[in-house]
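J.: Structure below; questions to follow.
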Amino acid sequence: MTNYIATLMDLVPNAKISYTGTDVTYESITWSDERTQPTKAECDAAWPQVEYQMQMASAERQRRARYQEETDGMFFDAQRNGGDLTQWIAEVDVIKAELPYPAPISE
């Protein structure tokens, strides 16, 4: 299901819109922007790319938090002490496996 708020914000950055509730439909959004509002069809067509970008950003945030918490210390200790990065690489690979990126959108 298309997230019309996210899609409109992607298609028209900083658009002036308003809506109420959490189950927002295209028709329930009030467009107050001087720029042309994308149509429902344009939003529906853009949604897969917007969703992909949102999923990618979420995976990046989660990975970054895990790296900072779990692996950055290993890396810096190895760098300071001339150590081996094998364990750090293995732990980074675990995080990547647990938090995979979304599959690319097929054209």
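FYI, nothing fancy with the structure tokens labels: chains A, B, ... in order, residues from 1 per chain, ligands from 1 as they appear.
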Assign secondary structure with DSSP using the backbone only, and return the residues of chain A in alpha helix (DSSP H) as number ranges by chain.
T.: A: 4-11, 40-66, 72-81, 86-98
J.: Please, could you write that set of residues out with C-alpha atoms as a PDB file, in the first residue's frame?
T.:
ATOM      1  CA  TYR A   4       1.259   8.894   0.169  1.00  0.00           C
ATOM      2  CA  ILE A   5       2.845  11.201   2.728  1.00  0.00           C
ATOM      3  CA  ALA A   6       6.331   9.779   2.175  1.00  0.00           C
ATOM      4  CA  THR A   7       5.834   9.673  -1.581  1.00  0.00           C
ATOM      5  CA  LEU A   8       4.563  13.256  -1.823  1.00  0.00           C
ATOM      6  CA  MET A   9       7.473  14.455   0.331  1.00  0.00           C
ATOM      7  CA  ASP A  10       9.875  12.642  -1.959  1.00  0.00           C
ATOM      8  CA  LEU A  11       8.319  13.961  -5.163  1.00  0.00           C
ATOM      9  CA  LYS A  40      -2.424   9.521  -7.181  1.00  0.00           C
ATOM     10  CA  ALA A  41      -1.130   7.532 -10.174  1.00  0.00           C
ATOM     11  CA  GLU A  42       2.218   9.356 -10.052  1.00  0.00           C
ATOM     12  CA  CYS A  43       2.488   8.638  -6.332  1.00  0.00           C
ATOM     13  CA  ASP A  44       1.608   4.972  -6.818  1.00  0.00           C
ATOM     14  CA  ALA A  45       4.237   4.688  -9.577  1.00  0.00           C
ATOM     15  CA  ALA A  46       6.905   6.370  -7.410  1.00  0.00           C
ATOM     16  CA  TRP A  47       6.122   4.374  -4.257  1.00  0.00           C
ATOM     17  CA  PRO A  48       8.340   1.309  -4.922  1.00  0.00           C
ATOM     18  CA  GLN A  49      11.439   3.530  -5.206  1.00  0.00           C
ATOM     19  CA  VAL A  50      10.454   5.578  -2.137  1.00  0.00           C
ATOM     20  CA  GLU A  51       9.808   2.404  -0.151  1.00  0.00           C
ATOM     21  CA  TYR A  52      13.183   1.018  -1.234  1.00  0.00           C
ATOM     22  CA  GLN A  53      14.911   4.236  -0.120  1.00  0.00           C
ATOM     23  CA  MET A  54      13.142   4.077   3.251  1.00  0.00           C
ATOM     24  CA  GLN A  55      14.115   0.428   3.758  1.00  0.00           C
ATOM     25  CA  MET A  56      17.721   1.184   2.775  1.00  0.00           C
ATOM     26  CA  ALA A  57      17.889   4.122   5.198  1.00  0.00           C
ATOM     27  CA  SER A  58      16.457   1.967   7.981  1.00  0.00           C
ATOM     28  CA  ALA A  59      19.021  -0.784   7.383  1.00  0.00           C
ATOM     29  CA  GLU A  60      21.813   1.820   7.345  1.00  0.00           C
ATOM     30  CA  ARG A  61      20.656   3.320  10.682  1.00  0.00           C
ATOM     31  CA  GLN A  62      20.382  -0.095  12.307  1.00  0.00           C
ATOM     32  CA  ARG A  63      23.768  -1.217  10.999  1.00  0.00           C
ATOM     33  CA  ARG A  64      25.441   2.016  12.122  1.00  0.00           C
ATOM     34  CA  ALA A  65      24.063   1.593  15.647  1.00  0.00           C
ATOM     35  CA  ARG A  66      25.255  -2.007  15.799  1.00  0.00           C
ATOM     36  CA  ASP A  72      33.995  -0.016  16.463  1.00  0.00           C
ATOM     37  CA  GLY A  73      35.863  -0.779  19.690  1.00  0.00           C
ATOM     38  CA  MET A  74      37.413  -3.894  18.129  1.00  0.00           C
ATOM     39  CA  PHE A  75      38.541  -1.924  15.106  1.00  0.00           C
ATOM     40  CA  PHE A  76      40.140   0.883  17.088  1.00  0.00           C
ATOM     41  CA  ASP A  77      41.825  -1.529  19.513  1.00  0.00           C
ATOM     42  CA  ALA A  78      43.326  -3.431  16.576  1.00  0.00           C
ATOM     43  CA  GLN A  79      44.491  -0.185  14.971  1.00  0.00           C
ATOM     44  CA  ARG A  80      46.127   1.094  18.162  1.00  0.00           C
ATOM     45  CA  ASN A  81      47.782  -2.199  18.996  1.00  0.00           C
ATOM     46  CA  THR A  86      40.042 -10.801  11.291  1.00  0.00           C
ATOM     47  CA  GLN A  87      37.646 -10.840  14.269  1.00  0.00           C
ATOM     48  CA  TRP A  88      36.366  -7.341  13.431  1.00  0.00           C
ATOM     49  CA  ILE A  89      35.689  -8.371   9.811  1.00  0.00           C
ATOM     50  CA  ALA A  90      33.831 -11.488  11.009  1.00  0.00           C
ATOM     51  CA  GLU A  91      31.649  -9.454  13.379  1.00  0.00           C
ATOM     52  CA  VAL A  92      30.874  -6.858  10.690  1.00  0.00           C
ATOM     53  CA  ASP A  93      29.858  -9.697   8.374  1.00  0.00           C
ATOM     54  CA  VAL A  94      27.480 -11.038  11.054  1.00  0.00           C
ATOM     55  CA  ILE A  95      25.806  -7.627  11.353  1.00  0.00           C
ATOM     56  CA  LYS A  96      25.493  -7.351   7.573  1.00  0.00           C
ATOM     57  CA  ALA A  97      23.902 -10.811   7.429  1.00  0.00           C
ATOM     58  CA  GLU A  98      21.459  -9.995  10.231  1.00  0.00           C
TER      59      GLU A  98
END
J.: In Å to one decimal, how far is atom CA of Tyr19 of chain A from atom CA of Pro38 of chain A?
T.: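 Those two atoms sit 16.0 Å apart.
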J.: Given only C-alpha atoms as the basis, pick out the residue of A:Ser18, A:Val12, A:Ser106, A:Val24 nearest to Thr39 of chain A.
T.: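 Checking each of A:Ser18, A:Val12, A:Ser106, A:Val24 against Thr39 of chain A, counting only C-alpha atoms, the winner is A:Val12.
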J.: Could you find all residues in chain A that DSSP calls strand (DSSP E) from the backbone, and write them as a ChimeraX atom specification?
T.: /A:17-18,30-31
J.: Suppose we keep N, CA and C atoms; can you now write the selection as a PDB file, in the first residue's frame?
T.:
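What landed in part24.pdb:
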ATOM      1  N   ILE A  17       1.524  20.212   3.163  1.00  0.00           N
ATOM      2  CA  ILE A  17       0.365  19.325   3.189  1.00  0.00           C
ATOM      3  C   ILE A  17      -0.136  19.214   4.618  1.00  0.00           C
ATOM      4  N   SER A  18      -1.357  18.756   4.762  1.00  0.00           N
ATOM      5  CA  SER A  18      -1.884  18.433   6.083  1.00  0.00           C
ATOM      6  C   SER A  18      -2.775  17.201   5.958  1.00  0.00           C
ATOM      7  N   THR A  30      -4.623  17.205   2.419  1.00  0.00           N
ATOM      8  CA  THR A  30      -4.932  18.557   1.953  1.00  0.00           C
ATOM      9  C   THR A  30      -3.653  19.172   1.425  1.00  0.00           C
ATOM     10  N   TRP A  31      -3.657  19.550   0.173  1.00  0.00           N
ATOM     11  CA  TRP A  31      -2.491  20.125  -0.501  1.00  0.00           C
ATOM     12  C   TRP A  31      -2.565  21.638  -0.410  1.00  0.00           C
TER      13      TRP A  31
END
J.: Report, in Å with one decimal, the straight-line distance from atom CA of Ala103 of chain A to atom CA of Thr2 of chain A.
T.: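 Straight-line distance from atom CA of Ala103 of chain A to atom CA of Thr2 of chain A works out to 18.1 Å.
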